[in-house]
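*Asks:* Handing you this structure, nothing more for now.
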Amino acid sequence: MPATYDFLIVGSGLYGAVFAQQAFEAGKKCLVLERRPHLGGNLYTQRVEGVEVHRYGAHIFHTNNESIWRYVNRFAAFNRFVNMPVANYKGEIYNLPFNMNTFNRMWGVVTPAQAQEEIERQRKESFTDAPQNLEQTAINLVGSDIYKKLIKGYTEKQWGRPCTELPPGIIRRLPVRFTYDNNYFNAAFQGIPVDGYTSMIEKMLCGVDVVFNEDYLKNREKYSKLAPIAIYSGPIDEYFGYRLKPLEYRSLRFETKTLDMENYQGNALVNYTDRDTPYTRVIEHKHFNFGRQPKTVVTWEFSHEWSPGEEPYYPIEDEANLSRYGAYRELAEKEPGVIFGGRLGAYKYFDMDQVIEQALKSSFELLERY
Ligand code: UDP
């Protein structure tokens, strides 16, 4: 049977959608296979009571790359949302990321010099020259008080491992600044699509064939005949039937409720940083779009260890997993006609702009060759 498409794209998340958009624009025929009943992977949003609900957790678009910002603006109008989450530690409210507001609430300090002096004092008590793990890195950055109240409990709930066994890279995602600036991301461009991410993905995929509820891995012989090249954005270990043992991921469980009140928590994101509260954070979706609807939709987010059959969310990039991923990568490089990408295909804790960058790069390379 002759191939009917130029590219078979497995997964309609951001990686697959950007690749498909670029290929379609270059005049290629693409088929997107999506195993869920909707587009967008974990970016999927759904309107409930007039509110765009982030069904698979909060997604706030941010980037320093102007061309990526221009690219996404072709498919969505972005609002001016700036992420300013707060942390709730046993009823005490702190601003995030760690900044002068946090330091003032924690120690009563007012000037940057006073805050630096306090952090320096705490750091000296437990300074580690070459930090090897998340705990040592965090204490070096912000001192032990902030580590204990705002980092340790949250991180251990989110990752299910002691901070002494986690790689430092995770905590380096968070800025530390000595200004009164609650803007979480140090990004030149940020916002949320006014009509939701699903609408953005729909626009990216305009003109592209999409089949829902189809698992490529269960029917790969049939599907691989349809196109000479497959772009695979699912989990790399699942593709190879977990033959080198599964990689580890964290998974999430969401409990969502519509509440008959206008404003539940006064902010889009509240992190619960103590160990005893079972959820990590609470999302009130309307605040992502400055909503004034009479009702509100709220999601409680719980983190747990992933097991096969569940949705993987966060790759756990510690030494053991990265080495296993390296072995899967070797298999992937020998796999003819298949390109792996996205957070799960590359087993990397990517932000959305990094996923887009990666998809654009692969599409430029492939479209030059085919
Ligand atoms: N983190 C923390 N306390 C917080 C928020 C984040 O200790 O209140 C740490 C935690 O280790 C987390 C990491 O910072 O895994 C990265 O947080 P980010 O908000 O970037 O995570 P994401 O939004 O991707 O889940």
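For the structure tokens, the naming scheme is as follows: chains receive sequential letters (A, B, ...) according to their order of presentation, residues are indexed from 1 within each chain, and ligands are indexed from 1 in presentation order.
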Counting only C-alpha atoms and all ligand atoms, which residues of chain A fall within 7 Å of ligand 1, and what is the closest atom pair for each with its distance in Å at one decimal, ordered by chain and rising number, as a Markdown table?

*Replies:*
```
| residue | atom | partner | partner_atom_place_in_ligand_line | distance |
| --- | --- | --- | --- | --- |
| A:Ala87 | CA | ligand 1 | 8 (O) | 5.5 |
| A:Leu96 | CA | ligand 1 | 8 (O) | 6.8 |
| A:Leu150 | CA | ligand 1 | 3 (N) | 5.1 |
| A:Ile151 | CA | ligand 1 | 7 (O) | 3.2 |
| A:Lys152 | CA | ligand 1 | 7 (O) | 6.1 |
| A:Tyr154 | CA | ligand 1 | 7 (O) | 5.3 |
| A:Thr155 | CA | ligand 1 | 11 (O) | 4.0 |
| A:Gln158 | CA | ligand 1 | 15 (O) | 6.2 |
| A:Trp159 | CA | ligand 1 | 15 (O) | 6.9 |
| A:Ile170 | CA | ligand 1 | 13 (C) | 5.2 |
| A:Ile171 | CA | ligand 1 | 14 (O) | 4.7 |
| A:Arg173 | CA | ligand 1 | 20 (O) | 5.5 |
| A:Leu174 | CA | ligand 1 | 14 (O) | 5.7 |
| A:Asn271 | CA | ligand 1 | 8 (O) | 5.3 |
| A:Thr273 | CA | ligand 1 | 8 (O) | 5.9 |
```

*Asks:* Please dump the current selection as a short mmCIF file (atom, residue, chain, number, x, y, z; two decimals), in the first residue's frame; keep C-alpha atoms.

*Replies:*
```cif
data_model
loop_
_atom_site.label_atom_id
_atom_site.label_comp_id
_atom_site.auth_asym_id
_atom_site.auth_seq_id
_atom_site.Cartn_x
_atom_site.Cartn_y
_atom_site.Cartn_z
CA ALA A 87 2.62 29.79 49.33
CA LEU A 96 6.71 33.46 45.49
CA LEU A 150 8.58 26.85 51.57
CA ILE A 151 10.67 24.21 49.81
CA LYS A 152 11.17 20.97 51.70
CA TYR A 154 6.33 21.02 48.83
CA THR A 155 9.21 19.43 46.95
CA GLN A 158 5.71 16.82 44.51
CA TRP A 159 8.59 14.45 43.84
CA ILE A 170 14.71 21.33 39.86
CA ILE A 171 15.11 24.13 42.37
CA ARG A 173 13.99 26.72 37.98
CA LEU A 174 12.86 29.13 40.70
CA ASN A 271 0.97 26.25 46.90
CA THR A 273 4.17 23.96 51.30
#
```

*Asks:* Compile the contact shell of Gln136 (chain A) as number ranges by chain: residues with an atom at most 9 Å away, counting only C-alpha atoms, same-chain residues fewer than 6 positions apart removed.

*Replies:* A: 126-128, 130, 163-164, 168

*Asks:* List every residue of region 24-222 of chain A that DSSP, applied to the backbone, labels as helix (DSSP H, G or I), and write the result as a tab-separated table (two decimals) with C-alpha atoms, in the first residue's frame.

*Replies:*
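File produced: part.tsv:
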```tsv
chain	number	residue	atom	x	y	z
A	24	PHE	CA	1.19	21.52	6.69
A	25	GLU	CA	2.35	25.05	5.96
A	41	GLY	CA	-2.24	16.67	25.43
A	42	ASN	CA	-1.77	18.13	28.89
A	43	LEU	CA	-2.39	21.63	27.57
A	66	GLU	CA	10.72	36.84	20.77
A	67	SER	CA	10.31	34.69	17.67
A	68	ILE	CA	8.54	32.00	19.70
A	69	TRP	CA	6.29	34.64	21.22
A	70	ARG	CA	5.43	35.92	17.72
A	71	TYR	CA	4.86	32.33	16.61
A	72	VAL	CA	2.29	31.50	19.32
A	73	ASN	CA	0.55	34.83	18.80
A	100	MET	CA	11.87	40.82	49.19
A	101	ASN	CA	8.17	40.33	50.02
A	102	THR	CA	8.95	36.74	51.09
A	103	PHE	CA	12.00	37.82	53.11
A	104	ASN	CA	10.05	40.63	54.79
A	105	ARG	CA	7.25	38.24	55.82
A	106	MET	CA	9.76	35.61	56.99
A	107	TRP	CA	12.24	37.79	58.95
A	112	PRO	CA	18.04	43.86	50.20
A	113	ALA	CA	21.19	44.20	52.32
A	114	GLN	CA	19.33	42.98	55.42
A	115	ALA	CA	17.86	40.04	53.52
A	116	GLN	CA	21.24	39.08	52.10
A	117	GLU	CA	22.80	39.32	55.54
A	118	GLU	CA	20.16	36.97	57.01
A	119	ILE	CA	20.55	34.45	54.19
A	120	GLU	CA	24.33	34.65	54.55
A	121	ARG	CA	24.05	33.96	58.29
A	122	GLN	CA	21.86	30.88	57.71
A	123	ARG	CA	23.94	29.72	54.80
A	124	LYS	CA	27.14	29.82	56.91
A	125	GLU	CA	25.54	27.42	59.40
A	126	SER	CA	25.14	24.73	56.77
A	134	LEU	CA	18.41	19.86	45.97
A	135	GLU	CA	18.56	20.39	49.75
A	136	GLN	CA	22.12	21.71	49.73
A	137	THR	CA	21.45	23.88	46.70
A	138	ALA	CA	18.27	25.35	48.21
A	139	ILE	CA	19.94	26.20	51.55
A	140	ASN	CA	22.83	27.85	49.72
A	141	LEU	CA	20.38	29.95	47.73
A	142	VAL	CA	17.85	31.07	50.36
A	143	GLY	CA	18.91	29.78	53.78
A	144	SER	CA	17.37	27.15	56.02
A	145	ASP	CA	14.17	28.98	57.17
A	146	ILE	CA	12.84	29.31	53.65
A	147	TYR	CA	14.04	25.84	52.81
A	148	LYS	CA	12.11	24.38	55.76
A	149	LYS	CA	8.87	26.36	55.31
A	150	LEU	CA	8.58	26.85	51.57
A	151	ILE	CA	10.67	24.21	49.81
A	152	LYS	CA	11.17	20.97	51.70
A	153	GLY	CA	7.53	19.92	52.25
A	154	TYR	CA	6.33	21.02	48.83
A	155	THR	CA	9.21	19.43	46.95
A	156	GLU	CA	9.01	16.13	48.83
A	157	LYS	CA	5.26	15.95	48.16
A	158	GLN	CA	5.71	16.82	44.51
A	159	TRP	CA	8.59	14.45	43.84
A	163	CYS	CA	15.33	16.58	48.90
A	164	THR	CA	18.74	15.04	49.59
A	165	GLU	CA	18.07	12.57	46.78
A	168	PRO	CA	19.67	20.51	42.12
A	169	GLY	CA	18.34	21.49	38.68
A	170	ILE	CA	14.71	21.33	39.86
A	171	ILE	CA	15.11	24.13	42.37
A	172	ARG	CA	17.18	26.27	40.01
A	173	ARG	CA	13.99	26.72	37.98
A	197	TYR	CA	-5.10	26.48	24.88
A	198	THR	CA	-7.47	24.05	23.13
A	199	SER	CA	-8.48	26.79	20.73
A	200	MET	CA	-4.80	27.61	20.12
A	201	ILE	CA	-4.02	23.97	19.27
A	202	GLU	CA	-7.12	23.76	17.04
A	203	LYS	CA	-5.84	26.74	15.07
A	204	MET	CA	-2.38	25.19	14.77
A	216	TYR	CA	-0.52	4.22	17.68
A	217	LEU	CA	1.40	1.76	19.85
A	218	LYS	CA	-1.44	-0.76	19.74
A	219	ASN	CA	-1.65	-0.64	15.95
A	220	ARG	CA	1.76	0.44	14.87
A	221	GLU	CA	2.08	-1.89	11.87
A	222	LYS	CA	-1.07	-0.52	10.34
```

*Asks:* For region 7-18 of chain A, please output as a PyMOL selection string all residues within 7 Å (counting only C-alpha atoms; exclusion window: fewer than 3 positions along the same chain).

*Replies:* chain A and resi 21-22+29-34+39-43+201+204-205+216+227-234+341-342+355-356+359-360

*Asks:* Write out as a Markdown table the residues of region 141-251 of chain A that have any atom within 7 Å of an atom of region 312-330 of chain A, one row each with the nearest atom pair and its distance in Å to one decimal, counting only C-alpha atoms, sorted by chain and then rising number.

*Replies:*
```
| residue | atom | partner | partner_atom | distance |
| --- | --- | --- | --- | --- |
| A:Leu166 | CA | A:Asp318 | CA | 6.8 |
| A:Pro167 | CA | A:Asp318 | CA | 5.9 |
| A:Asp237 | CA | A:Tyr328 | CA | 6.7 |
| A:Leu247 | CA | A:Asn321 | CA | 5.9 |
| A:Glu248 | CA | A:Ile316 | CA | 5.9 |
| A:Tyr249 | CA | A:Pro315 | CA | 4.6 |
| A:Arg250 | CA | A:Tyr314 | CA | 5.0 |
| A:Ser251 | CA | A:Pro312 | CA | 5.0 |
```

*Asks:* Given only C-alpha atoms as the basis, pick out the residue of A:Pro131, A:Gly108, A:Pro97, A:Pro162 nearest to Arg177 (chain A).

*Replies:*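 Once distances to Arg177 (chain A) are computed over only C-alpha atoms, the minimum belongs to A:Pro97.
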
*Asks:* Under the rule that only C-alpha atoms are counted, which of A:Leu366, A:Val194, A:Val210, A:Ala3 is the nearest residue to Ile60 (chain A)?

*Replies:*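 Going through A:Leu366, A:Val194, A:Val210, A:Ala3 one by one, the smallest distance to Ile60 (chain A) is for A:Val194.
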
*Asks:* Of the candidates A:Glu310, A:Glu49, A:Asp6, A:Glu284, which one gets nearest to Ala20 (chain A) if we count only C-alpha atoms?

*Replies:*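 Closest candidate: A:Asp6.
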
*Asks:* Go through A:Thr258, A:Thr111, A:Ala268, A:Gly207 and flag the residue nearest Tyr180 (chain A), using only C-alpha atoms for the distances.

*Replies:* A:Thr111

*Asks:* What is the distance between CA of Tyr89 (chain A) and CA of Arg281 (chain A), in Å to one decimal?

*Replies:*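 Between these atoms lies a distance of 11.5 Å.
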
*Asks:* So which residues touch Val51 (chain A) within 8 Å, counting only C-alpha atoms, skipping near sequence neighbours fewer than 2 positions away, as an MDAnalysis selection string?

*Replies:* chainID A and resid 46:49 53 285:286 291 293 296:297

*Asks:* Could you pull out the residues in region 30-183 of chain A that DSSP calls strand (DSSP E or B) from the backbone, as a list in words?

*Replies:*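 Secondary structure check on region 30-183 of chain A, strand (DSSP E or B): Cys30, Leu31, Val32, Leu33, Thr45, Gln46, Arg47, Val48, Val51, Glu52, Val53, His54, Phe61, His62, Thr63, Phe78, Val86, Ala87, Asn88, Tyr89, Glu92, Ile93, Tyr94, Asn95, Phe98 and Val176 of chain A.
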
*Asks:* Env of Val270 (chain A): 10 Å cut, atoms = only C-alpha atoms, seq-sep filter 4 positions within chain, self excluded. Answer as a list in words.

*Replies:*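 Final neighbour list, sorted by chain and number: Met84, Pro85, Val86, Ala87, Asn88, Ile93, Tyr94, Asn95, Leu96, Gln265, Gly266, Thr280, Arg281, Val282, Ile283, Glu284 and Trp300 of chain A.
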
*Asks:* CA of Asn79 (chain A) and CA of Asp353 (chain A) are how many Å apart?

*Replies:* 16.6 Å

*Asks:* Determine the nearest neighbour of Tyr239 (chain A) from the options A:Phe340, A:Tyr279, A:Tyr44, A:Tyr349, counting only C-alpha atoms.

*Replies:*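 Among the listed residues, the smallest separation from Tyr239 (chain A) belongs to A:Phe340.
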
*Asks:* Between CA of His54 (chain A) and CA of Glu255 (chain A), measure the distance and give it in Å to one decimal.

*Replies:*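 Pair CA of His54 (chain A) / CA of Glu255 (chain A) returns 12.0 Å.
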